[in-house]
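Engineer: One structure coming up, written as structure tokens, with questions to follow.
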Amino acid sequence: MKNKANKILNIAVPLVTFFCIFALWAAAAAITDEEIILPRPSSALKEFFALFADKKFYRAYFTTLLRSLIAFVVSFALAFAAAAGARKSRNAARVIGTLLPLVRALPTVAVVLLLVLWTSSRTAAVVVTMLVVLPTLYTNAESALSAADKETAEMCRIYHIPVKTRVFKIYLPQILPPAVVAAGAGFSLNLKLMVAAEVIAATAEGMGTLLNLDKIYFESAHMLALVLVIVLTGILVESAAKGIAKAMVKKYA
Amino acid sequence: MLEIKNLKKNYGDLCVYEDFSLFVADGETLAVLGASGAGKTTLLNIVAGILPFDGGELVDVPEKVSYIFQSDRLIKHMTVLENLTLVADEKRAKDYLLRAGLADFAGEYPLHLSAGMSRRVAILRAFLYDAPLVLMDEPFRNLDLALKYELMEFYKSLSENKTALFVTHDVTEAAYLADRVIVLEKGRIAMDLAVKNRANTEETLKQYFFSKIKKPQ
Amino acid sequence: MKKIIAVLLAIFTLFAFAACNGKSGNDGNENNTPDAKVTIRYYADASAMLPAMKTGQLKTGLLPEPAATKITTMNAEVGMKIDVQEVYGGDYPQAVIVAKKEIVEKDGKFLSALLQAIEENASWIVANDDNAASAVDAINSALAEGVTPSLDKTAINKAVVENCNIYLQTSADAKTSVNAYLAAMKGVEDTSANAVSDAFFCELSSADTEDTAAEYAVYMPDGAPALAMAKLIKDNAQFERKVEYTVVSSANIGPSVVQGKADVAVLPVTAASKTVGNGEKYVMLGVVTHGNIYVMSSEAISSLGDLKGKTIGVIGQGQVPDLTFRYLLNKNDISYEIAK
């Protein structure tokens, strides 16, 4: 009985929440009565569906996604390499301990603008996103690696299991599911940052560019539609990651 | 086989072993009993080489040492067979599984096995590794009596001429499996018995522990 | 593990394919050879592009005055090669002056006086170098909080101001050219401009209402459009009312109008068409500045066609100079592509 009630609530409550958000939005838009300042939900949704027929949108969308993927993969690899290095060598840990707060404290906007001068807009966007996500991913990597638990490590040492086997057959599959979930959540942040970086760096292509143009052309409804796309993408990736992680452990759990 | 000389081990301010010496003969199964916190697992881990110590020396510790842990420590995402092939080649692993009557479980995952079954696999792994010395840390803990006897027999069937050092709380286990029993108290050997008769040894040990109980005032 | 790498590679390839597919640029003609394209490289603002031109890294750039003359002082090899207005076939409207509709109804006389002053300003600022300098001073003194001045007194003289093409054209006279220009811009980028309604164009000739107690906020964006009002700011012209002049950054002029903060505003004609083009809240009184874009280069260029196979820097993707330039490229059948 309770189970059924819970299942219904799991779907009903989010739906009601969304409905309330839309209702509030519609009310606010009606009161403001200026499409440029606050578009009505209906116009935003109309623009949203129109995006799917727009070739320019797909180009921009996949450009941003591609950049986000690159920044993410590089950052991910660096984070794990750094975390592994820090576990092995005290000095490495010291170096990372000094660099990490530095990177974390970097003012994003300033870095973007500097990088644009040194390299190009799109390189700037990718590098900045990579730098900003790095500390978060590093912390995730650290906890994932230490979760590769002590007991297993001891067992491996005693039974003289070769390092390569330990890394690829034991630790990696152990770390992968939580890493995938973290990656899913991290990608959302990544995407958000990438779009912001594109706007600041004024890249010639991408979602940020589209948003910039929308600003210049006072196309607020289109802007909100793009925002919706970004939000949905983030949610989708996060859910997909959770699903993948679940599928990974299904066999043996 | 193994000799521990004048071992010294501290955990911060706490001195676990001050000047501990022990000789273990080849092929001997030695049970180590003692109160919780007396340092039994510490001793095992030092011999296994995964815990550093502060003084004394270990003589003739073999390079290869097997260890049966308190928890199974099987790799959850690997099948039984894959777990075993971590320590030996597949042919021997399959052979052992067959001899142990576990061939049907070769493709199962540890989380799908019963407690007794996964413990059997852990024990099998230790012997498959084929080391001259087997260390065991309360390997039959938390199992019901029938299962316990079953596993102890399983162990005995595999352990014919191995030297074993095993830690336990259970005097019955100690009497059942060991050739020799020592009782640790505050980092020293308080009792050192050769097991000639299981029942007698068990009784002697029980008496000893009962005498240690502080009577309520 | 391998599966994951395989999946990642697949996704990567898919994204790359989708992203790189399709052209960025115009489609060009079939009989154009591949190396005959103009490459447009966008820069976020002048501070990004001018250094590149100074070092010669970028040889050609599309610049509005006064930045156009400024680059010649930074790099002596760069000269004014093409007058874009000539290519267009004459002047085109750039910034317009709009006012709240109710002011036209209630205080038409004020607006007439205002326009009169703007007309006088146009001849004043090109009279001599001193006037040009004091014009810049006046503008910089009226900057809103936090706005960094874009006009540099030392770089602006009479000749530069002349190139800025500042003169008044009332609605009636400007109507045709405004509609034509907006249509041209809309042809390049559909959402950049709207066709405006007839109600947007306002003729003041019959306005004789008066409201001497009124207070007005006049807004304008920094840069050449502000020069259209320089003398009014300098004299703090009040027109027997209470008038406050504010110079905002070009990014903020649109919001100032949309939010209704400005009673009278100067803003780009394209922005005006998108925000107030229906003539319901604001109406257009006239055009105050006209096209002022030039192709500056250190290479031998004399026509748009000479740009084929070359790279030209453009400030502000989607802004008016970019749209105007691309309109002319399309019109002259010159294909272009956007540099990544």
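Here, A, B, ... name the chains of the structure tokens in the order displayed, residue numbers run from 1 inside each chain, and ligands are numbered from 1 in the same displayed order.
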Could you work out which residues of chain C fall inside 7 Å of chain A? Count only C-alpha atoms, and format the result as a VMD selection string.
Structural biologist: chain C and resid 12 15 to 16 18 to 19 42 44 191 to 192 271 274 318 340
Engineer: Within segment 120-281 of chain C, find each residue whose DSSP state, derived from the backbone, is alpha helix (DSSP H), and express the selection as JSON, numbers by chain.
Structural biologist: {"C": [120, 121, 122, 123, 124, 125, 129, 130, 131, 132, 133, 134, 135, 136, 137, 138, 139, 140, 141, 158, 159, 160, 161, 162, 163, 171, 172, 173, 174, 175, 176, 177, 178, 179, 180, 181, 182, 183, 184, 185, 186, 187, 188, 224, 225, 226, 227, 230, 231, 232, 233, 234, 253, 254, 255, 256, 257, 258, 269, 270, 271, 272, 273, 274, 275]}
Engineer: Val249 of chain A: which residues within 12 Å, counting only C-alpha atoms, same-chain residues fewer than 5 positions away excluded, as a compact mmCIF listing (two decimals) with C-alpha atoms, in the first residue's frame?
Structural biologist:
# COMPACT_ATOMS: atom_id res chain seq x y z
CA PRO A 173 36.19 -1.57 -12.26
CA GLN A 174 35.68 -0.73 -8.58
CA ILE A 175 36.07 2.99 -9.18
CA LEU A 176 34.19 3.15 -12.43
CA PRO A 177 30.57 3.13 -11.24
CA PRO A 178 30.97 5.95 -8.70
CA VAL A 180 30.57 7.57 -13.86
CA LYS A 242 23.28 6.99 -13.20
CA GLY A 243 21.67 4.45 -15.50
CA ILE A 244 25.00 3.39 -16.92
CA LYS B 76 32.94 -8.36 -5.83
CA HIS B 77 32.94 -7.72 -9.56
CA MET B 78 34.82 -10.91 -10.40
CA TYR B 109 29.66 -13.64 -8.16
CA LEU B 111 27.58 -11.28 -3.53
Engineer: Using only C-alpha atoms, determine which residues of chain A fall within 9 Å of chain B; present them as a list in words.
Structural biologist: Glu151, Thr152, Glu154, Met155, Arg157, Ile158, Tyr159, His160, Ile161, Thr165, Lys169, Ile170, Pro173, Gln174, Val249, Lys251, Tyr252 and Ala253 of chain A
Engineer: Hey, what's within 12 Å of Gly37 of chain B if we count only C-alpha atoms and toss same-chain stuff fewer than 4 positions away? As a ChimeraX atom specification, please?
Structural biologist: /B:11,14-17,33,41-43,169,184-187
Engineer: Can you spit out the residues from that selection as a compact mmCIF listing (two decimals), in the first residue's frame, using N, CA, C and O atoms?
Structural biologist:
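File again-v7.txt, as written:
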# COMPACT_ATOMS: atom_id res chain seq x y z
N TYR B 11 51.78 1.21 19.25
CA TYR B 11 50.79 2.03 18.56
C TYR B 11 50.74 3.34 19.32
O TYR B 11 50.06 3.46 20.31
N LEU B 14 50.75 3.31 23.20
CA LEU B 14 50.45 1.96 23.66
C LEU B 14 51.51 0.98 23.20
O LEU B 14 51.79 0.86 22.01
N CYS B 15 52.09 0.26 24.14
CA CYS B 15 53.08 -0.74 23.78
C CYS B 15 52.40 -2.09 23.70
O CYS B 15 51.94 -2.63 24.71
N VAL B 16 52.31 -2.65 22.47
CA VAL B 16 51.62 -3.93 22.31
C VAL B 16 52.59 -5.09 22.56
O VAL B 16 52.27 -6.04 23.25
N TYR B 17 53.75 -4.99 21.95
CA TYR B 17 54.77 -6.03 22.17
C TYR B 17 56.06 -5.37 22.61
O TYR B 17 56.53 -4.41 21.97
N LEU B 33 45.51 -17.57 20.98
CA LEU B 33 44.31 -17.11 21.66
C LEU B 33 44.67 -15.92 22.52
O LEU B 33 45.84 -15.64 22.79
N THR B 41 45.86 -9.85 15.93
CA THR B 41 45.86 -9.51 14.52
C THR B 41 47.12 -8.75 14.15
O THR B 41 47.68 -8.93 13.07
N THR B 42 47.60 -7.92 15.10
CA THR B 42 48.84 -7.18 14.88
C THR B 42 49.97 -8.14 14.56
O THR B 42 50.75 -7.94 13.62
N LEU B 43 50.05 -9.20 15.34
CA LEU B 43 51.10 -10.19 15.14
C LEU B 43 51.03 -10.78 13.74
O LEU B 43 52.02 -10.87 13.02
N HIS B 169 39.24 -16.66 18.89
CA HIS B 169 38.71 -16.48 20.22
C HIS B 169 38.18 -17.80 20.76
O HIS B 169 37.93 -17.93 21.93
N LEU B 184 47.98 -15.39 24.53
CA LEU B 184 48.68 -14.12 24.70
C LEU B 184 48.02 -13.30 25.79
O LEU B 184 46.79 -13.22 25.87
N GLU B 185 48.83 -12.68 26.60
CA GLU B 185 48.30 -11.79 27.61
C GLU B 185 49.26 -10.63 27.75
O GLU B 185 50.43 -10.83 28.09
N LYS B 186 48.76 -9.45 27.46
CA LYS B 186 49.57 -8.24 27.54
C LYS B 186 50.90 -8.39 26.79
O LYS B 186 51.96 -8.01 27.28
N GLY B 187 50.85 -8.94 25.62
CA GLY B 187 52.04 -9.00 24.78
C GLY B 187 53.02 -10.09 25.19
O GLY B 187 54.15 -10.13 24.73
Engineer: Which polymer residues have any atom within 9 Å of an atom of segment 87-92 of chain C, counting only C-alpha atoms, with same-chain residues fewer than 5 positions away left out, as a list in words?
Structural biologist: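 Residues near the query, excluding close chain neighbours: Ile82, Asn165, Ser177, Val178, Ala180, Tyr181, Thr289, His290, Gly291, Asn292, Ser303, Leu304, Thr324 and Leu328 of chain C.
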Engineer: Based on DSSP run over this structure's backbone, return all residues of segment 110-288 of chain C in strand (DSSP E or B), as JSON, numbers by chain.
Structural biologist: {"C": [143, 166, 167, 168, 169, 170, 201, 215, 216, 217, 218, 219, 220, 221, 242, 243, 244, 245, 246, 247, 248, 264, 265, 266, 267, 268, 282, 283, 284, 285, 286, 287, 288]}
Engineer: What is the distance between atom CA of Val257 of chain C and atom CA of Cys164 of chain C, in Å to one decimal?
Structural biologist: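 Taking atom CA of Val257 of chain C as the start and atom CA of Cys164 of chain C as the end point, the length is 23.8 Å.
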Engineer: I'd like the neighbourhood of segment 215-219 of chain C as an mmCIF file with N, CA and C atoms, in the first residue's frame, where a residue qualifies if any of its atoms comes within 8 Å (using only C-alpha atoms), though same-chain residues fewer than 2 positions away should be ignored.
Structural biologist:
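Below you can see part.cif, which holds the result:
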data_model
loop_
_atom_site.group_PDB
_atom_site.id
_atom_site.type_symbol
_atom_site.label_atom_id
_atom_site.label_comp_id
_atom_site.auth_asym_id
_atom_site.auth_seq_id
_atom_site.Cartn_x
_atom_site.Cartn_y
_atom_site.Cartn_z
ATOM 1 N N ALA C 213 6.636 71.904 -16.872
ATOM 2 C CA ALA C 213 7.056 71.303 -15.599
ATOM 3 C C ALA C 213 7.694 69.937 -15.782
ATOM 4 N N PRO C 221 24.098 55.732 -26.177
ATOM 5 C CA PRO C 221 25.240 54.835 -25.985
ATOM 6 C C PRO C 221 26.546 55.576 -26.241
ATOM 7 N N ARG C 241 12.976 72.991 -19.426
ATOM 8 C CA ARG C 241 12.400 71.873 -18.661
ATOM 9 C C ARG C 241 13.500 71.422 -17.719
ATOM 10 N N LYS C 242 13.401 70.186 -17.256
ATOM 11 C CA LYS C 242 14.513 69.606 -16.495
ATOM 12 C C LYS C 242 14.993 68.389 -17.288
ATOM 13 N N VAL C 243 16.174 68.509 -17.850
ATOM 14 C CA VAL C 243 16.676 67.431 -18.712
ATOM 15 C C VAL C 243 17.966 66.855 -18.133
ATOM 16 N N GLU C 244 18.009 65.553 -18.044
ATOM 17 C CA GLU C 244 19.221 64.898 -17.549
ATOM 18 C C GLU C 244 19.793 64.006 -18.649
ATOM 19 N N TYR C 245 21.083 64.176 -18.922
ATOM 20 C CA TYR C 245 21.729 63.399 -19.980
ATOM 21 C C TYR C 245 22.581 62.279 -19.380
ATOM 22 N N THR C 246 22.389 61.053 -19.886
ATOM 23 C CA THR C 246 23.194 59.934 -19.408
ATOM 24 C C THR C 246 23.756 59.146 -20.582
ATOM 25 N N VAL C 247 25.072 58.910 -20.521
ATOM 26 C CA VAL C 247 25.713 58.097 -21.552
ATOM 27 C C VAL C 247 25.955 56.699 -20.959
ATOM 28 N N VAL C 248 25.342 55.705 -21.560
ATOM 29 C CA VAL C 248 25.514 54.342 -21.050
ATOM 30 C C VAL C 248 26.367 53.521 -22.025
ATOM 31 N N ILE C 253 22.060 50.291 -23.680
ATOM 32 C CA ILE C 253 21.106 51.254 -24.217
ATOM 33 C C ILE C 253 19.769 50.573 -24.524
ATOM 34 N N SER C 256 17.765 50.139 -21.380
ATOM 35 C CA SER C 256 17.267 51.433 -20.883
ATOM 36 C C SER C 256 15.952 51.805 -21.553
ATOM 37 N N LYS C 261 13.264 53.358 -18.894
ATOM 38 C CA LYS C 261 14.017 54.341 -18.100
ATOM 39 C C LYS C 261 14.254 55.627 -18.911
ATOM 40 N N ALA C 262 14.452 55.441 -20.212
ATOM 41 C CA ALA C 262 14.748 56.613 -21.045
ATOM 42 C C ALA C 262 13.473 57.231 -21.574
ATOM 43 N N ASP C 263 13.349 58.552 -21.430
ATOM 44 C CA ASP C 263 12.225 59.254 -22.053
ATOM 45 C C ASP C 263 12.554 59.532 -23.509
ATOM 46 N N VAL C 264 13.817 59.917 -23.721
ATOM 47 C CA VAL C 264 14.325 60.124 -25.070
ATOM 48 C C VAL C 264 15.606 59.313 -25.176
ATOM 49 N N ALA C 265 15.814 58.628 -26.280
ATOM 50 C CA ALA C 265 17.020 57.816 -26.398
ATOM 51 C C ALA C 265 17.556 57.815 -27.812
ATOM 52 N N VAL C 266 18.889 57.720 -27.881
ATOM 53 C CA VAL C 266 19.551 57.468 -29.149
ATOM 54 C C VAL C 266 19.969 56.007 -29.124
#
Engineer: Figure out the distance between atom CA of Phe110 of chain C and atom CA of Glu210 of chain C, please, to one decimal in Å.
Structural biologist: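 Going from atom CA of Glu210 of chain C over to atom CA of Phe110 of chain C, I get 7.2 Å.
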Engineer: Which residues are near Tyr155 of chain B? Cut-off 12 Å, only C-alpha atoms, ignore same chain within fewer than 3 positions. Put them as JSON, numbers by chain.
Structural biologist: {"B": [29, 68, 100, 119, 120, 121, 122, 123, 124, 125, 126, 127, 134, 136, 139, 140, 148, 149, 150, 151, 152, 158, 159, 160, 161, 162, 164, 173, 176, 177, 178]}
Engineer: Restricting the calculation to only C-alpha atoms: of B:Gly12, B:Pro132, B:Gly107, B:Gly101, which residue gets closest to Gly27 of chain B?
Structural biologist: B:Pro132
